[in-house]
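Before any comments, here is the structure.
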Amino acid sequence: MGVGFRTLAGKEILRFWKVSLQTLLAPLVSTLLYLVVFAQVMGQRPSPYGSSVSYASFLVPGLVMMSMLQNAFANSSSSLVQSKVTGNIVFVLLAPISEAEFLGAYVMASMVRGVLVGMVVWLTASFFFGVQLHALVWVLVFCLLATSLAGLLGVLAGIWAEKFDQMAAWQNFLILPLTFLSGAFYSIHALPGPWRTLSRFNPFFYAIDGFRYGLIGASDVAPMTSLIVVGSVTLALSWGTLVLLRSGWRLRP
Amino acid sequence: MKGDVHAIEVCDVRKHYTGVQALQKVDLTVECGEFFALLGPNGAGKTTLINLLAGLVRPDAGVLRVMGHDVVRDFRGARRALGVVPQELVFDPFFSVRETLRLQSGYFGLRRNDDWIDEVLDNLQLTNKADVNMRALSGGMKRRVLIAQALVHRPPVIILDEPTAGVDVALRQTLWQFVRRLNEEGHTILLTTHYLEEAEALCRRVAVLRRGCLVACDTLEGLLRARQASSLEEAFVDLVKEEA
């Protein structure tokens, strides 16, 4: 990866950094609101993992990962759609940057934003509910894999969408259901049979579950299973997006 | 670089969009160091041809080369050899003029390019706007930044797609002085414009596109002689009349 890749990745990071009130602090506020409301309302009910894990402890990893996924997706998708609508994507397309560098730069910036938001949310939640950290390696692995997965989805959405409402459709009809129906607020063992089965086809469930294992040492499925699922989906999506970019679809018609 | 390399080569290029044949079997060669005009009425295919050369769209058939580099197979070489000033006033509202030019340099693999950036800013009378956000610039200033962006990597071939559309007289003169100097320094210039007097004053060779077909490609004198015209505008109108 050359100077072109580094410049594009740096520009994408600088872009969200310049509006950090909206891109870093706003997600913190909304996630903390979820945390306060759900921990208060659901805190009286038995925890999904028994008395050793409080509901707040169960909830924190889910909300941290949820905010990472949503922000990683938002970064690449909004940047690409804005650039397409305003026309300034032409400056990147005119440059001698390969499709792999293009994809890598957008995904890397998404990962940086996702991880930064996750860190800020986790640190703030730790202040209120105490520090949780069971296995740092699993935490890092799922942080990186999940944010790259969401960043890739964002690139796909950004390539496809020609207008902001098309982008919103991805956000509202795909990303939001996937993140909310992913076991962030509950264990999938508490779901009725068909919903539980359906949840097992949601890659975000594995991202949250594996990350939860890293933070509190408890999860619905083995972390290795989650790693295989999230890793495979990320690899497949990387390959598919690269093929699309190389075909010129919607970017170089 | 070999001696027989052309600045731009377009060989048997075809391009269609849904329901529209934008270019039909176009062949065109522009030699190194030329100041070349690509003319045609709206919808003739000028911007499509430029976009094909820039790699912004892909040809259905045919080959395009910039300084001998195939724009598809050797896209890095072709894009490094080419600077394009787009027709629309596009910009990234997040960045200042200097940041924009540094980023554009980086996209082309240049990390420390500030000396050249300063020179380009100075030549385009943008030095006092270097740290101003792009949003705060007037239309004319934004046009100058677009030209600066096309020049940051010192390309041997420069394409100007209607660079003076909506530009005041003072900026036009500054712009043409600068572009003339670039041409004298050895840059190849391909210009599209609807101001035919500008093309006549600046360019030695002229090509005319009509409905995606190349209907004329000659020296200015040759074209005027062939059309028995006293000005480029007269020759151009004559060519367009044939369409009607």
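Ligands are numbered from 1 in the order shown, chains are lettered A, B, ... in the order of the structure tokens, and residues start at 1 in each chain.
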
Could you please write out, as a PDB file with N, CA and C atoms, in the first residue's frame, every residue of segment 2-244 of chain B that DSSP assigns to strand (DSSP E or B)?
ATOM      1  N   ILE B   8      -1.750  11.781 -26.670  1.00  0.00           N
ATOM      2  CA  ILE B   8      -3.055  11.115 -26.532  1.00  0.00           C
ATOM      3  C   ILE B   8      -3.306  10.294 -27.793  1.00  0.00           C
ATOM      4  N   GLU B   9      -3.735   9.058 -27.584  1.00  0.00           N
ATOM      5  CA  GLU B   9      -4.131   8.205 -28.710  1.00  0.00           C
ATOM      6  C   GLU B   9      -5.500   7.622 -28.422  1.00  0.00           C
ATOM      7  N   VAL B  10      -6.399   7.795 -29.333  1.00  0.00           N
ATOM      8  CA  VAL B  10      -7.744   7.221 -29.200  1.00  0.00           C
ATOM      9  C   VAL B  10      -7.956   6.358 -30.435  1.00  0.00           C
ATOM     10  N   CYS B  11      -8.094   5.049 -30.249  1.00  0.00           N
ATOM     11  CA  CYS B  11      -8.173   4.125 -31.392  1.00  0.00           C
ATOM     12  C   CYS B  11      -9.495   3.366 -31.390  1.00  0.00           C
ATOM     13  N   ASP B  12     -10.330   3.656 -32.365  1.00  0.00           N
ATOM     14  CA  ASP B  12     -11.568   2.895 -32.610  1.00  0.00           C
ATOM     15  C   ASP B  12     -12.425   2.778 -31.338  1.00  0.00           C
ATOM     16  N   VAL B  13     -12.607   3.897 -30.656  1.00  0.00           N
ATOM     17  CA  VAL B  13     -13.294   3.864 -29.354  1.00  0.00           C
ATOM     18  C   VAL B  13     -14.794   4.035 -29.523  1.00  0.00           C
ATOM     19  N   ARG B  14     -15.504   3.162 -28.842  1.00  0.00           N
ATOM     20  CA  ARG B  14     -16.974   3.242 -28.825  1.00  0.00           C
ATOM     21  C   ARG B  14     -17.461   3.257 -27.381  1.00  0.00           C
ATOM     22  N   LYS B  15     -18.517   4.024 -27.164  1.00  0.00           N
ATOM     23  CA  LYS B  15     -19.110   4.051 -25.828  1.00  0.00           C
ATOM     24  C   LYS B  15     -20.601   4.350 -25.951  1.00  0.00           C
ATOM     25  N   HIS B  16     -21.404   3.526 -25.307  1.00  0.00           N
ATOM     26  CA  HIS B  16     -22.832   3.851 -25.289  1.00  0.00           C
ATOM     27  C   HIS B  16     -23.341   3.839 -23.861  1.00  0.00           C
ATOM     28  N   TYR B  17     -24.318   4.688 -23.605  1.00  0.00           N
ATOM     29  CA  TYR B  17     -25.065   4.657 -22.356  1.00  0.00           C
ATOM     30  C   TYR B  17     -26.456   4.163 -22.730  1.00  0.00           C
ATOM     31  N   VAL B  20     -28.298   5.638 -25.682  1.00  0.00           N
ATOM     32  CA  VAL B  20     -27.522   6.695 -26.353  1.00  0.00           C
ATOM     33  C   VAL B  20     -26.164   6.149 -26.790  1.00  0.00           C
ATOM     34  N   GLN B  21     -25.845   6.348 -28.071  1.00  0.00           N
ATOM     35  CA  GLN B  21     -24.499   6.008 -28.545  1.00  0.00           C
ATOM     36  C   GLN B  21     -23.651   7.263 -28.377  1.00  0.00           C
ATOM     37  N   ALA B  22     -22.879   7.324 -27.299  1.00  0.00           N
ATOM     38  CA  ALA B  22     -22.148   8.549 -26.968  1.00  0.00           C
ATOM     39  C   ALA B  22     -20.943   8.758 -27.877  1.00  0.00           C
ATOM     40  N   LEU B  23     -20.249   7.674 -28.214  1.00  0.00           N
ATOM     41  CA  LEU B  23     -19.100   7.767 -29.127  1.00  0.00           C
ATOM     42  C   LEU B  23     -19.132   6.584 -30.091  1.00  0.00           C
ATOM     43  N   GLN B  24     -18.852   6.876 -31.382  1.00  0.00           N
ATOM     44  CA  GLN B  24     -18.884   5.802 -32.376  1.00  0.00           C
ATOM     45  C   GLN B  24     -17.562   5.775 -33.139  1.00  0.00           C
ATOM     46  N   LYS B  25     -16.816   4.741 -32.946  1.00  0.00           N
ATOM     47  CA  LYS B  25     -15.570   4.501 -33.694  1.00  0.00           C
ATOM     48  C   LYS B  25     -14.706   5.763 -33.814  1.00  0.00           C
ATOM     49  N   VAL B  26     -14.347   6.324 -32.692  1.00  0.00           N
ATOM     50  CA  VAL B  26     -13.556   7.557 -32.711  1.00  0.00           C
ATOM     51  C   VAL B  26     -12.059   7.220 -32.743  1.00  0.00           C
ATOM     52  N   ASP B  27     -11.353   7.831 -33.676  1.00  0.00           N
ATOM     53  CA  ASP B  27      -9.895   7.729 -33.760  1.00  0.00           C
ATOM     54  C   ASP B  27      -9.325   9.137 -33.693  1.00  0.00           C
ATOM     55  N   LEU B  28      -8.329   9.319 -32.827  1.00  0.00           N
ATOM     56  CA  LEU B  28      -7.781  10.667 -32.649  1.00  0.00           C
ATOM     57  C   LEU B  28      -6.371  10.558 -32.065  1.00  0.00           C
ATOM     58  N   THR B  29      -5.486  11.401 -32.557  1.00  0.00           N
ATOM     59  CA  THR B  29      -4.139  11.434 -31.985  1.00  0.00           C
ATOM     60  C   THR B  29      -3.753  12.882 -31.704  1.00  0.00           C
ATOM     61  N   VAL B  30      -3.232  13.108 -30.508  1.00  0.00           N
ATOM     62  CA  VAL B  30      -2.722  14.432 -30.154  1.00  0.00           C
ATOM     63  C   VAL B  30      -1.231  14.280 -29.868  1.00  0.00           C
ATOM     64  N   PHE B  35      -1.285  22.260 -28.572  1.00  0.00           N
ATOM     65  CA  PHE B  35      -2.420  22.925 -27.910  1.00  0.00           C
ATOM     66  C   PHE B  35      -3.604  22.595 -28.804  1.00  0.00           C
ATOM     67  N   PHE B  36      -4.440  21.677 -28.360  1.00  0.00           N
ATOM     68  CA  PHE B  36      -5.426  21.028 -29.217  1.00  0.00           C
ATOM     69  C   PHE B  36      -6.834  21.355 -28.735  1.00  0.00           C
ATOM     70  N   ALA B  37      -7.716  21.689 -29.671  1.00  0.00           N
ATOM     71  CA  ALA B  37      -9.108  21.990 -29.286  1.00  0.00           C
ATOM     72  C   ALA B  37     -10.018  20.840 -29.680  1.00  0.00           C
ATOM     73  N   LEU B  38     -10.843  20.413 -28.745  1.00  0.00           N
ATOM     74  CA  LEU B  38     -11.864  19.400 -29.025  1.00  0.00           C
ATOM     75  C   LEU B  38     -13.212  20.105 -28.926  1.00  0.00           C
ATOM     76  N   LEU B  39     -13.865  20.265 -30.059  1.00  0.00           N
ATOM     77  CA  LEU B  39     -15.089  21.065 -30.102  1.00  0.00           C
ATOM     78  C   LEU B  39     -16.293  20.205 -30.472  1.00  0.00           C
ATOM     79  N   ALA B  61     -15.484  -0.466 -26.468  1.00  0.00           N
ATOM     80  CA  ALA B  61     -14.497  -1.052 -27.390  1.00  0.00           C
ATOM     81  C   ALA B  61     -13.439  -0.005 -27.691  1.00  0.00           C
ATOM     82  N   GLY B  62     -12.296  -0.479 -28.146  1.00  0.00           N
ATOM     83  CA  GLY B  62     -11.227   0.435 -28.524  1.00  0.00           C
ATOM     84  C   GLY B  62     -10.190   0.625 -27.426  1.00  0.00           C
ATOM     85  N   VAL B  63      -9.162   1.385 -27.784  1.00  0.00           N
ATOM     86  CA  VAL B  63      -8.025   1.593 -26.873  1.00  0.00           C
ATOM     87  C   VAL B  63      -7.760   3.094 -26.737  1.00  0.00           C
ATOM     88  N   LEU B  64      -7.457   3.524 -25.508  1.00  0.00           N
ATOM     89  CA  LEU B  64      -7.055   4.918 -25.281  1.00  0.00           C
ATOM     90  C   LEU B  64      -5.724   4.910 -24.550  1.00  0.00           C
ATOM     91  N   ARG B  65      -4.800   5.753 -24.997  1.00  0.00           N
ATOM     92  CA  ARG B  65      -3.497   5.837 -24.336  1.00  0.00           C
ATOM     93  C   ARG B  65      -3.158   7.288 -24.038  1.00  0.00           C
ATOM     94  N   VAL B  66      -2.500   7.492 -22.881  1.00  0.00           N
ATOM     95  CA  VAL B  66      -1.969   8.812 -22.537  1.00  0.00           C
ATOM     96  C   VAL B  66      -0.469   8.639 -22.355  1.00  0.00           C
ATOM     97  N   HIS B  69       0.597   5.152 -22.257  1.00  0.00           N
ATOM     98  CA  HIS B  69       0.058   4.260 -21.216  1.00  0.00           C
ATOM     99  C   HIS B  69      -1.419   3.982 -21.488  1.00  0.00           C
ATOM    100  N   ASP B  70      -1.757   2.700 -21.593  1.00  0.00           N
ATOM    101  CA  ASP B  70      -3.159   2.306 -21.791  1.00  0.00           C
ATOM    102  C   ASP B  70      -3.969   2.713 -20.551  1.00  0.00           C
ATOM    103  N   LEU B  82      -1.588  12.492 -16.690  1.00  0.00           N
ATOM    104  CA  LEU B  82      -2.740  13.311 -17.072  1.00  0.00           C
ATOM    105  C   LEU B  82      -3.238  14.182 -15.918  1.00  0.00           C
ATOM    106  N   GLY B  83      -3.506  15.449 -16.226  1.00  0.00           N
ATOM    107  CA  GLY B  83      -4.178  16.335 -15.268  1.00  0.00           C
ATOM    108  C   GLY B  83      -5.478  16.798 -15.884  1.00  0.00           C
ATOM    109  N   VAL B  84      -6.566  16.610 -15.163  1.00  0.00           N
ATOM    110  CA  VAL B  84      -7.875  16.957 -15.722  1.00  0.00           C
ATOM    111  C   VAL B  84      -8.525  18.059 -14.896  1.00  0.00           C
ATOM    112  N   VAL B  85      -8.959  19.120 -15.578  1.00  0.00           N
ATOM    113  CA  VAL B  85      -9.746  20.165 -14.913  1.00  0.00           C
ATOM    114  C   VAL B  85     -11.205  19.902 -15.284  1.00  0.00           C
ATOM    115  N   SER B  96      -9.251  23.140   3.477  1.00  0.00           N
ATOM    116  CA  SER B  96      -8.786  24.425   2.948  1.00  0.00           C
ATOM    117  C   SER B  96      -8.120  24.183   1.589  1.00  0.00           C
ATOM    118  N   ASN B 133     -11.020  27.932   3.749  1.00  0.00           N
ATOM    119  CA  ASN B 133     -11.808  26.740   3.427  1.00  0.00           C
ATOM    120  C   ASN B 133     -12.424  26.882   2.032  1.00  0.00           C
ATOM    121  N   VAL B 157       0.396  15.977 -19.767  1.00  0.00           N
ATOM    122  CA  VAL B 157      -0.809  16.223 -20.572  1.00  0.00           C
ATOM    123  C   VAL B 157      -1.890  16.820 -19.662  1.00  0.00           C
ATOM    124  N   ILE B 158      -2.467  17.930 -20.108  1.00  0.00           N
ATOM    125  CA  ILE B 158      -3.497  18.596 -19.292  1.00  0.00           C
ATOM    126  C   ILE B 158      -4.772  18.728 -20.122  1.00  0.00           C
ATOM    127  N   ILE B 159      -5.881  18.292 -19.532  1.00  0.00           N
ATOM    128  CA  ILE B 159      -7.178  18.429 -20.214  1.00  0.00           C
ATOM    129  C   ILE B 159      -8.007  19.470 -19.479  1.00  0.00           C
ATOM    130  N   LEU B 160      -8.473  20.450 -20.228  1.00  0.00           N
ATOM    131  CA  LEU B 160      -9.299  21.506 -19.645  1.00  0.00           C
ATOM    132  C   LEU B 160     -10.695  21.387 -20.250  1.00  0.00           C
ATOM    133  N   ASP B 161     -11.657  20.958 -19.445  1.00  0.00           N
ATOM    134  CA  ASP B 161     -13.016  20.748 -19.937  1.00  0.00           C
ATOM    135  C   ASP B 161     -13.845  22.007 -19.655  1.00  0.00           C
ATOM    136  N   THR B 188       1.307  19.269 -23.026  1.00  0.00           N
ATOM    137  CA  THR B 188       0.287  19.132 -24.066  1.00  0.00           C
ATOM    138  C   THR B 188      -1.042  19.589 -23.461  1.00  0.00           C
ATOM    139  N   ILE B 189      -1.767  20.399 -24.202  1.00  0.00           N
ATOM    140  CA  ILE B 189      -3.052  20.897 -23.685  1.00  0.00           C
ATOM    141  C   ILE B 189      -4.176  20.441 -24.600  1.00  0.00           C
ATOM    142  N   LEU B 190      -5.180  19.798 -24.019  1.00  0.00           N
ATOM    143  CA  LEU B 190      -6.400  19.492 -24.770  1.00  0.00           C
ATOM    144  C   LEU B 190      -7.509  20.318 -24.144  1.00  0.00           C
ATOM    145  N   LEU B 191      -8.150  21.128 -24.992  1.00  0.00           N
ATOM    146  CA  LEU B 191      -9.129  22.084 -24.488  1.00  0.00           C
ATOM    147  C   LEU B 191     -10.495  21.833 -25.118  1.00  0.00           C
ATOM    148  N   THR B 192     -11.524  21.808 -24.306  1.00  0.00           N
ATOM    149  CA  THR B 192     -12.875  21.863 -24.881  1.00  0.00           C
ATOM    150  C   THR B 192     -13.481  23.191 -24.449  1.00  0.00           C
ATOM    151  N   ARG B 205      -4.353  22.856 -33.656  1.00  0.00           N
ATOM    152  CA  ARG B 205      -5.178  21.830 -34.319  1.00  0.00           C
ATOM    153  C   ARG B 205      -6.536  21.746 -33.636  1.00  0.00           C
ATOM    154  N   VAL B 206      -7.518  21.324 -34.416  1.00  0.00           N
ATOM    155  CA  VAL B 206      -8.898  21.321 -33.934  1.00  0.00           C
ATOM    156  C   VAL B 206      -9.567  20.015 -34.358  1.00  0.00           C
ATOM    157  N   ALA B 207     -10.343  19.435 -33.445  1.00  0.00           N
ATOM    158  CA  ALA B 207     -11.192  18.292 -33.814  1.00  0.00           C
ATOM    159  C   ALA B 207     -12.629  18.653 -33.471  1.00  0.00           C
ATOM    160  N   VAL B 208     -13.547  18.186 -34.281  1.00  0.00           N
ATOM    161  CA  VAL B 208     -14.968  18.466 -34.021  1.00  0.00           C
ATOM    162  C   VAL B 208     -15.724  17.144 -33.914  1.00  0.00           C
ATOM    163  N   LEU B 209     -16.452  17.015 -32.827  1.00  0.00           N
ATOM    164  CA  LEU B 209     -17.299  15.841 -32.620  1.00  0.00           C
ATOM    165  C   LEU B 209     -18.748  16.239 -32.881  1.00  0.00           C
ATOM    166  N   ARG B 210     -19.468  15.293 -33.485  1.00  0.00           N
ATOM    167  CA  ARG B 210     -20.897  15.535 -33.707  1.00  0.00           C
ATOM    168  C   ARG B 210     -21.625  14.219 -33.506  1.00  0.00           C
ATOM    169  N   CYS B 213     -19.516  11.182 -33.310  1.00  0.00           N
ATOM    170  CA  CYS B 213     -18.596  10.870 -34.414  1.00  0.00           C
ATOM    171  C   CYS B 213     -17.615  12.023 -34.598  1.00  0.00           C
ATOM    172  N   LEU B 214     -16.379  11.664 -34.948  1.00  0.00           N
ATOM    173  CA  LEU B 214     -15.391  12.701 -35.240  1.00  0.00           C
ATOM    174  C   LEU B 214     -15.609  13.153 -36.685  1.00  0.00           C
ATOM    175  N   VAL B 215     -16.049  14.402 -36.879  1.00  0.00           N
ATOM    176  CA  VAL B 215     -16.381  14.845 -38.236  1.00  0.00           C
ATOM    177  C   VAL B 215     -15.297  15.736 -38.827  1.00  0.00           C
ATOM    178  N   ALA B 216     -14.368  16.178 -38.012  1.00  0.00           N
ATOM    179  CA  ALA B 216     -13.247  16.970 -38.544  1.00  0.00           C
ATOM    180  C   ALA B 216     -12.082  16.882 -37.583  1.00  0.00           C
ATOM    181  N   CYS B 217     -10.878  16.796 -38.143  1.00  0.00           N
ATOM    182  CA  CYS B 217      -9.668  16.847 -37.318  1.00  0.00           C
ATOM    183  C   CYS B 217      -8.549  17.354 -38.214  1.00  0.00           C
ATOM    184  N   ASP B 218      -8.158  18.596 -37.990  1.00  0.00           N
ATOM    185  CA  ASP B 218      -7.205  19.216 -38.908  1.00  0.00           C
ATOM    186  C   ASP B 218      -6.519  20.388 -38.196  1.00  0.00           C
ATOM    187  N   THR B 219      -5.520  20.934 -38.885  1.00  0.00           N
ATOM    188  CA  THR B 219      -4.963  22.187 -38.362  1.00  0.00           C
ATOM    189  C   THR B 219      -6.033  23.265 -38.543  1.00  0.00           C
TER     190      THR B 219
END

Sorted by chain and rising residue number, which residues of chain B lie within 8 Å of chain A, and what are their closest atom pairs and distances in Å to one decimal, counting only C-alpha atoms, as a tab-separated table?
residue	atom	partner	partner_atom	distance
B:Ala54	CA	A:Leu94	CA	6.2
B:Gly55	CA	A:Leu94	CA	6.9
B:Leu56	CA	A:Arg252	CA	5.1
B:Val57	CA	A:Arg252	CA	4.6
B:Arg58	CA	A:Pro253	CA	6.2
B:Phe75	CA	A:Pro96	CA	6.6
B:Arg76	CA	A:Pro96	CA	4.5
B:Gly77	CA	A:Pro96	CA	7.6
B:Arg79	CA	A:Pro96	CA	5.6
B:Arg80	CA	A:Pro96	CA	6.5
B:Val84	CA	A:Leu94	CA	7.8
B:Val90	CA	A:Asn88	CA	5.3
B:Phe91	CA	A:Asn88	CA	5.3
B:Asp92	CA	A:Asn88	CA	5.9
B:Phe94	CA	A:Arg15	CA	6.5
B:Leu103	CA	A:Thr7	CA	6.3
B:Gln104	CA	A:Phe91	CA	7.2
B:Gly106	CA	A:Thr7	CA	5.3
B:Tyr107	CA	A:Gly4	CA	4.1
B:Phe108	CA	A:Ala95	CA	5.9
B:Gly109	CA	A:Val3	CA	4.8
B:Leu110	CA	A:Val3	CA	7.1
B:Arg111	CA	A:Val3	CA	7.2

Put those residues in a file: C-alpha atoms, as a JSON list (two decimals), in the first residue's frame.
[["chain", "number", "residue", "atom", "x", "y", "z"],
["B", 54, "ALA", "CA", -9.29, 10.04, -17.44],
["B", 55, "GLY", "CA", -10.55, 6.54, -16.58],
["B", 56, "LEU", "CA", -13.80, 7.90, -15.14],
["B", 57, "VAL", "CA", -15.79, 5.73, -17.52],
["B", 58, "ARG", "CA", -14.81, 2.61, -19.42],
["B", 75, "PHE", "CA", -4.05, 3.04, -15.40],
["B", 76, "ARG", "CA", -1.40, 4.22, -12.96],
["B", 77, "GLY", "CA", 0.95, 5.38, -15.72],
["B", 79, "ARG", "CA", -3.31, 8.86, -14.70],
["B", 80, "ARG", "CA", 0.12, 10.09, -13.57],
["B", 84, "VAL", "CA", -7.87, 16.96, -15.72],
["B", 90, "VAL", "CA", -16.59, 20.41, -7.48],
["B", 91, "PHE", "CA", -14.76, 20.64, -4.16],
["B", 92, "ASP", "CA", -14.49, 18.99, -0.77],
["B", 94, "PHE", "CA", -14.07, 19.81, 4.70],
["B", 103, "LEU", "CA", -4.27, 15.62, -0.43],
["B", 104, "GLN", "CA", -4.30, 15.66, -4.22],
["B", 106, "GLY", "CA", -0.69, 12.47, -1.85],
["B", 107, "TYR", "CA", -3.17, 10.65, -4.10],
["B", 108, "PHE", "CA", -0.50, 10.88, -6.80],
["B", 109, "GLY", "CA", 2.19, 9.51, -4.49],
["B", 110, "LEU", "CA", 3.85, 12.85, -3.67],
["B", 111, "ARG", "CA", 4.44, 13.43, 0.03]]

For this session: Please return as a PyMOL selection string: the residues of segment 28-244 of chain B that backbone DSSP assigns to helix (DSSP H, G or I).
Result: chain B and resi 46-54+75-80+97-107+114-123+127-129+134-136+139-151+169-184+196-202+220-227+232-243

Problem set entry | Gap from atom CA of Met134 of chain B to atom CA of Phe164 of chain A - Å, one decimal | 22.3 Å

Problem set entry | Near-segment 183-199 of chain A list (7 Å; only C-alpha atoms; drop same-chain fewer than 2 positions) as a list of chain:residue names |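 Selected residues are A:Pro48, A:Leu59, A:Gly62, A:Leu63, A:Phe180, A:Leu181, A:Phe201, A:Asn202, A:Phe205, A:Ile208, A:Asp220.
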
Exercise. Do you have the atom CA of Trp17 of chain A-atom CA of Val112 of chain A distance handy?
Worked result: 10.4 Å

Segment 227-232 of chain B environment, 10 Å, only C-alpha atoms, sequence neighbours closer than 2 positions dropped, as an mmCIF file with N, CA and C atoms, in the first residue's frame:
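The new file selection-v6.cif reads:
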data_model
loop_
_atom_site.group_PDB
_atom_site.id
_atom_site.type_symbol
_atom_site.label_atom_id
_atom_site.label_comp_id
_atom_site.auth_asym_id
_atom_site.auth_seq_id
_atom_site.Cartn_x
_atom_site.Cartn_y
_atom_site.Cartn_z
ATOM 1 N N LEU B 196 -15.467 29.790 -29.218
ATOM 2 C CA LEU B 196 -14.645 29.384 -30.360
ATOM 3 C C LEU B 196 -13.502 30.352 -30.635
ATOM 4 N N GLU B 197 -13.711 31.621 -30.269
ATOM 5 C CA GLU B 197 -12.621 32.599 -30.481
ATOM 6 C C GLU B 197 -11.421 32.252 -29.600
ATOM 7 N N GLU B 198 -11.675 31.680 -28.438
ATOM 8 C CA GLU B 198 -10.570 31.243 -27.563
ATOM 9 C C GLU B 198 -9.815 30.089 -28.217
ATOM 10 N N ALA B 199 -10.553 29.131 -28.722
ATOM 11 C CA ALA B 199 -9.925 27.980 -29.379
ATOM 12 C C ALA B 199 -9.102 28.455 -30.583
ATOM 13 N N GLU B 200 -9.669 29.391 -31.323
ATOM 14 C CA GLU B 200 -8.995 29.902 -32.522
ATOM 15 C C GLU B 200 -7.695 30.619 -32.153
ATOM 16 N N ALA B 201 -7.726 31.353 -31.045
ATOM 17 C CA ALA B 201 -6.544 32.122 -30.644
ATOM 18 C C ALA B 201 -5.454 31.223 -30.055
ATOM 19 N N VAL B 206 -7.518 21.324 -34.416
ATOM 20 C CA VAL B 206 -8.898 21.321 -33.934
ATOM 21 C C VAL B 206 -9.567 20.015 -34.358
ATOM 22 N N LEU B 220 -5.873 24.332 -37.820
ATOM 23 C CA LEU B 220 -6.851 25.420 -37.907
ATOM 24 C C LEU B 220 -6.947 25.924 -39.357
ATOM 25 N N GLU B 221 -5.766 26.116 -39.967
ATOM 26 C CA GLU B 221 -5.748 26.620 -41.343
ATOM 27 C C GLU B 221 -6.399 25.614 -42.297
ATOM 28 N N GLY B 222 -6.064 24.342 -42.093
ATOM 29 C CA GLY B 222 -6.603 23.283 -42.949
ATOM 30 C C GLY B 222 -8.120 23.223 -42.858
ATOM 31 N N LEU B 223 -8.633 23.364 -41.647
ATOM 32 C CA LEU B 223 -10.082 23.292 -41.429
ATOM 33 C C LEU B 223 -10.781 24.476 -42.105
ATOM 34 N N LEU B 224 -10.192 25.672 -41.953
ATOM 35 C CA LEU B 224 -10.793 26.862 -42.553
ATOM 36 C C LEU B 224 -10.793 26.742 -44.086
ATOM 37 N N ARG B 225 -9.669 26.202 -44.606
ATOM 38 C CA ARG B 225 -9.572 26.035 -46.064
ATOM 39 C C ARG B 225 -10.611 25.019 -46.546
ATOM 40 N N GLU B 234 -17.317 30.142 -38.152
ATOM 41 C CA GLU B 234 -18.008 29.908 -39.420
ATOM 42 C C GLU B 234 -17.872 28.442 -39.846
ATOM 43 N N ALA B 235 -16.666 27.933 -39.699
ATOM 44 C CA ALA B 235 -16.424 26.527 -40.066
ATOM 45 C C ALA B 235 -17.231 25.592 -39.162
ATOM 46 N N PHE B 236 -17.263 25.932 -37.895
ATOM 47 C CA PHE B 236 -17.979 25.102 -36.918
ATOM 48 C C PHE B 236 -19.476 25.098 -37.221
ATOM 49 N N VAL B 237 -20.023 26.284 -37.473
ATOM 50 C CA VAL B 237 -21.462 26.383 -37.777
ATOM 51 C C VAL B 237 -21.770 25.583 -39.038
ATOM 52 N N ASP B 238 -20.879 25.643 -39.993
ATOM 53 C CA ASP B 238 -21.047 24.894 -41.232
ATOM 54 C C ASP B 238 -21.124 23.388 -40.952
ATOM 55 N N LEU B 239 -20.236 22.930 -40.078
ATOM 56 C CA LEU B 239 -20.231 21.500 -39.726
ATOM 57 C C LEU B 239 -21.504 21.111 -38.976
#

For this session: Write out as a list in words the residues lying within 12 Å of Phe128 of chain A, counting only C-alpha atoms and excluding same-chain residues fewer than 5 positions away.
Result: Leu32, Leu35, Val36, Ala39, Ala56, Ser57, Val60, Val121, Trp122 and Leu123 of chain A

Could you save those same residues with C-alpha atoms as a PDB file, in the first residue's frame?
ATOM      1  CA  LEU A  32     -25.158   6.253  27.319  1.00  0.00           C
ATOM      2  CA  LEU A  35     -27.373   2.255  28.865  1.00  0.00           C
ATOM      3  CA  VAL A  36     -29.071   4.350  31.527  1.00  0.00           C
ATOM      4  CA  ALA A  39     -29.995  -0.730  32.852  1.00  0.00           C
ATOM      5  CA  ALA A  56     -25.589  -3.687  33.194  1.00  0.00           C
ATOM      6  CA  SER A  57     -22.424  -5.784  32.816  1.00  0.00           C
ATOM      7  CA  VAL A  60     -22.213  -2.692  28.206  1.00  0.00           C
ATOM      8  CA  VAL A 121     -18.227   4.541  25.156  1.00  0.00           C
ATOM      9  CA  TRP A 122     -16.417   1.741  27.030  1.00  0.00           C
ATOM     10  CA  LEU A 123     -14.330   4.156  29.095  1.00  0.00           C
TER      11      LEU A 123
END

For this session: List the neighbours of Pro27 of chain A out to 10 Å using only C-alpha atoms; skip same-chain residues closer than 5 positions along the sequence, and give me the result as an MDAnalysis selection string.
Result: chainID A and resid 21:22 32:33 67:68 70:71 117:118 120:121

Those selected residues, please, written with C-alpha atoms and delivered as a PDB file, in the first residue's frame.
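So part_10.pdb came out as:
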ATOM      1  CA  LEU A  21     -18.778  16.518  17.883  1.00  0.00           C
ATOM      2  CA  GLN A  22     -21.097  14.730  15.487  1.00  0.00           C
ATOM      3  CA  LEU A  32     -25.158   6.253  27.319  1.00  0.00           C
ATOM      4  CA  LEU A  33     -28.865   7.044  27.124  1.00  0.00           C
ATOM      5  CA  SER A  67     -21.991   1.794  18.511  1.00  0.00           C
ATOM      6  CA  MET A  68     -18.786   0.566  16.850  1.00  0.00           C
ATOM      7  CA  GLN A  70     -23.072   1.688  13.414  1.00  0.00           C
ATOM      8  CA  ASN A  71     -20.308   4.290  13.324  1.00  0.00           C
ATOM      9  CA  VAL A 117     -16.263   5.526  19.420  1.00  0.00           C
ATOM     10  CA  GLY A 118     -16.133   2.108  21.100  1.00  0.00           C
ATOM     11  CA  VAL A 120     -14.964   6.390  24.374  1.00  0.00           C
ATOM     12  CA  VAL A 121     -18.227   4.541  25.156  1.00  0.00           C
TER      13      VAL A 121
END
